[in-house]
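**Q** The following block contains the structure, expressed as C-alpha cells.
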Amino acid sequence: MNSLLLTGIGELVSNHPGTGDGTPLGLLRDAAVVVEHGRVAWTGAATRAPAADTSYDVGGRAVIPGFVDSHSHLVFAGDRAEEFAARMTGTPYTAGGIRTTVYATRAATDEQLAANVARHVGEMRRQGTTTVEIKSGYGLTVADEARSLAIARQATRETTFLGAHVVPPEYALDPAGYVDLVTGPMLDACAPYARWVDVFCETGAFDADQARTILRAGEARGLAGRLHANQLGPGPGVRLACELGLAAVDHCTYLSDADVDALAGSGTVATLLPGVEFSTRSPYPDARRLLDAGCRVALASDCNPGSSYTSSMPLCIALAVREMRMTPAEALHAATRGGAAALRRDDVGHLADGAAADLVVLDAPSYLHLAYRPGVPLVHQVFVGGAATL
Ligand code: NIG
Ligand code: FE
C-alpha cells in the first residue's frame, strides 16, 4: 500500500494554525487526510481530497494527532495500591514509597520488567498515546539502571536516565558518594541507551547544586536535560531548568512569581501532571496562571506506581480542564503539540504535511468530548506511522 485516504472526518484537529479555522488547533470540518509512506501528505476539505490507493471512512468522527506523553516511569515491578488507599484516608505523599518500588524492581527479571513495560505501553496506545517517554529510576544501581534503560529502549526512542531519582538506602549516609556514582560509572553504563538525563530536584531528593552537577555530566555524554521540580513544595528547580535552557521542567505545582517569569522568558516547557495531584490528593498546579503569563505548557501522565498510576492522557485532559482552568482546546494542544515541544520533536504532535501519520479517530464528533465525557473510552482507532494498530 502506498497511499491511504482517511475520509469522512467530521472534525479534524491538525494543530497547524495554517490550516482550518486559524486557531492553534487548526480545526477543519468535513475533512480528509492523505497518508503516504507513514507521513501526512495532504489535509483539506473531503470534497477536494486527491485519490489514494486505499481509503478508510471514519464515519463523521473526530480525528486528532496522537497524544505525546512526555513523562512516564514504566520500568518497575509491583504496585503500591495500599499506599494509595492510605493516602485517601489522609496519609500524605512524601515520595518515600519510591524505595518500595526500587526493591521490587531490583528483584524482578529482565523478562518481567519488559513485559510490564509492554503492557503499559499497550494500555497507553489503546487510549490514544502514540509517542511516549520512559524513564529509569527504580533500579538505582549501575546494572539495574542500565537494564531499565535497555528495556525502555525496546519500547521508545525517548528514554531518560533518572539515576538521580532518590538516594538509595545503601547510600543514605553518603549522598555525595551516590552523586559520584551517578555522574561516573552509572552514566557511562546508561548513556548508550538514553536520550535524556533527568533529576528529581526537591527537598529530600537532590538539591540544585547536585542537579546541576548531574545535568552537566549527562550533557558531557550527549544527553539533553530535563527536571522534576517544585512538586512537593517551592524550590529552585524551575529557575535552574530555565537558566540551563532545558527542554522541560515537570510538575511545577508550587511556583513563585519569579518561577513563572523565568518560564515565560525561556524556551523551557512547563509539563503539568494532573494525575499526580489526583492520586496524591494535592492542590493542582495553576495552568491558567502559566498560560496567561505566556509560558509553554505540556500535559503528561507521569505514569508510575506511586504518585500517578494512570496511563490515560484523556484523563489528564479532563482533569486539566476541570481542575486547572485550561480550555478543552488548550488541554488537547498541551497533550499533543505541547508534549512534542517538551521532547523537542517537530515530527509528532501535529498533522501538517510531512508529520508522522500518528493519529487517533475518536468515537465522538468533536475533541471537546475528551473533557466533556470523562472516563468514557472514546478512542475508536489509532494510526501509528499510517498503520492502524487496534
Ligand atoms: O514523578 N517525583 C518523583 N518521582 C515520581 C514519583 C515516583 C513514585 O512515587 O514512585 C513522580 O511523581
Ligand atoms: Fe515523574
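Residues are referred to by chain and number: the chain letter is A, B, ... according to the order shown in the C-alpha cells, the number counts from 1 in that chain, and ligands are numbered separately from 1 in the order shown.
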Would you please extract all strand (DSSP E or B) residues from range 83-152 of chain A, as assigned by DSSP on the backbone, and give them as a ChimeraX atom specification?

**A** /A:129-135

**Q** Using only C-alpha atoms, which residues sit within 8 Å of range 330-335 of chain A once same-chain residues fewer than 6 positions away are excluded, as a PDB file with N, CA and C atoms, in the first residue's frame?

**A**
ATOM      1  N   ASN A  15      -3.545  20.821  14.598  1.00  0.00           N
ATOM      2  CA  ASN A  15      -2.531  21.575  15.363  1.00  0.00           C
ATOM      3  C   ASN A  15      -1.630  22.374  14.435  1.00  0.00           C
ATOM      4  N   PRO A  24      -4.879  27.717  17.237  1.00  0.00           N
ATOM      5  CA  PRO A  24      -3.751  26.783  17.378  1.00  0.00           C
ATOM      6  C   PRO A  24      -4.119  25.335  17.030  1.00  0.00           C
ATOM      7  N   LEU A  25      -5.391  24.958  17.202  1.00  0.00           N
ATOM      8  CA  LEU A  25      -5.773  23.573  16.865  1.00  0.00           C
ATOM      9  C   LEU A  25      -5.923  23.368  15.362  1.00  0.00           C
ATOM     10  N   PHE A  67      -1.623  11.370  21.091  1.00  0.00           N
ATOM     11  CA  PHE A  67      -1.082  12.047  22.280  1.00  0.00           C
ATOM     12  C   PHE A  67       0.422  11.793  22.386  1.00  0.00           C
ATOM     13  N   VAL A  68       1.129  12.821  22.852  1.00  0.00           N
ATOM     14  CA  VAL A  68       2.574  12.708  23.110  1.00  0.00           C
ATOM     15  C   VAL A  68       2.748  12.787  24.620  1.00  0.00           C
ATOM     16  N   ASP A  69       2.959  11.636  25.246  1.00  0.00           N
ATOM     17  CA  ASP A  69       3.091  11.562  26.704  1.00  0.00           C
ATOM     18  C   ASP A  69       4.576  11.681  27.040  1.00  0.00           C
ATOM     19  N   VAL A 297       3.128  25.139  27.854  1.00  0.00           N
ATOM     20  CA  VAL A 297       2.645  24.121  28.791  1.00  0.00           C
ATOM     21  C   VAL A 297       2.425  22.792  28.057  1.00  0.00           C
ATOM     22  N   ALA A 298       2.842  21.707  28.714  1.00  0.00           N
ATOM     23  CA  ALA A 298       2.523  20.357  28.230  1.00  0.00           C
ATOM     24  C   ALA A 298       1.763  19.621  29.320  1.00  0.00           C
ATOM     25  N   LEU A 299       0.999  18.617  28.908  1.00  0.00           N
ATOM     26  CA  LEU A 299       0.344  17.704  29.851  1.00  0.00           C
ATOM     27  C   LEU A 299       0.921  16.311  29.633  1.00  0.00           C
ATOM     28  N   ALA A 300       1.201  15.606  30.736  1.00  0.00           N
ATOM     29  CA  ALA A 300       1.696  14.230  30.620  1.00  0.00           C
ATOM     30  C   ALA A 300       1.138  13.406  31.770  1.00  0.00           C
ATOM     31  N   MET A 313      -4.035   9.703  28.887  1.00  0.00           N
ATOM     32  CA  MET A 313      -3.978  11.119  28.541  1.00  0.00           C
ATOM     33  C   MET A 313      -5.368  11.764  28.489  1.00  0.00           C
ATOM     34  N   ILE A 317      -6.368  15.276  30.359  1.00  0.00           N
ATOM     35  CA  ILE A 317      -7.062  16.397  29.703  1.00  0.00           C
ATOM     36  C   ILE A 317      -8.291  16.792  30.507  1.00  0.00           C
ATOM     37  N   ALA A 320      -7.244  18.578  33.626  1.00  0.00           N
ATOM     38  CA  ALA A 320      -6.673  19.903  33.343  1.00  0.00           C
ATOM     39  C   ALA A 320      -7.779  20.921  33.082  1.00  0.00           C
ATOM     40  N   VAL A 321      -8.827  20.457  32.412  1.00  0.00           N
ATOM     41  CA  VAL A 321      -9.940  21.366  32.099  1.00  0.00           C
ATOM     42  C   VAL A 321     -10.758  21.642  33.356  1.00  0.00           C
ATOM     43  N   TYR A 367     -13.421  16.854  19.478  1.00  0.00           N
ATOM     44  CA  TYR A 367     -12.404  16.674  20.526  1.00  0.00           C
ATOM     45  C   TYR A 367     -12.920  17.143  21.886  1.00  0.00           C
TER      46      TYR A 367
END

**Q** Using only C-alpha atoms and all ligand atoms, which protein or nucleic acid residues are at most 7 Å from ligand 2, as number ranges by chain?

**A** A: 71-73, 228, 302

**Q** Could you check how far CA of Pro365 in chain A sits from CA of Ile9 in chain A, in Å to one decimal?

**A**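 That distance, rounded to one decimal, is 8.8 Å.
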
**Q** Skip Gly233 in chain A itself and residues of its chain fewer than 6 positions away, then list as a list in words all residues within 10 Å of it, counting only C-alpha atoms.

**A** Glu202, Thr203, Cys252, Thr253, Tyr254 and Leu255 of chain A

**Q** Counting only C-alpha atoms and all ligand atoms, what are the residues, protein, DNA or RNA alike, that approach ligand 1 to within 9 Å? I want them as a PyMOL selection string.

**A** chain A and resi 71-73+80+93-102+137-138+165-166+199-202+205+228-229+231-232+250-251+273+276+302-308

**Q** Counting only C-alpha atoms, figure out which residue out of A:Gly163, A:Gly139, A:Pro328, A:Pro192 gets nearest to Ala77 in chain A.

**A**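 Among the listed residues, the smallest separation from Ala77 in chain A belongs to A:Gly139.
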
**Q** Measuring between only C-alpha atoms, which one of A:Trp42, A:Tyr103, A:Tyr372, A:Trp196 shows the shortest distance to Ser14 in chain A?

**A**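 Smallest distance to Ser14 in chain A is found for A:Trp42.
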
**Q** What are the DSSP helix (DSSP H, G or I) residues of range 150-219 of chain A, as a PyMOL selection string?

**A** chain A and resi 150-153+169-171+175-193+208-219

**Q** Which residues are near Ser3 in chain A? Cut-off 7 Å, only C-alpha atoms, ignore same chain within fewer than 4 positions. Put them as a PyMOL selection string.

**A** chain A and resi 34-36+52-54

**Q** How would the residues just picked look written out with C-alpha atoms as a tab-separated table (two decimals), in the first residue's frame?

**A**
chain	number	residue	atom	x	y	z
A	34	VAL	CA	-3.87	11.51	2.86
A	35	VAL	CA	-1.01	9.44	4.25
A	36	GLU	CA	1.99	8.36	2.19
A	52	ALA	CA	-5.34	7.27	-2.96
A	53	ASP	CA	-4.63	3.54	-3.20
A	54	THR	CA	-6.93	2.73	-0.27

**Q** To one decimal in Å, tell me the separation between CA of Ala143 in chain A and CA of Leu187 in chain A.

**A** 10.9 Å
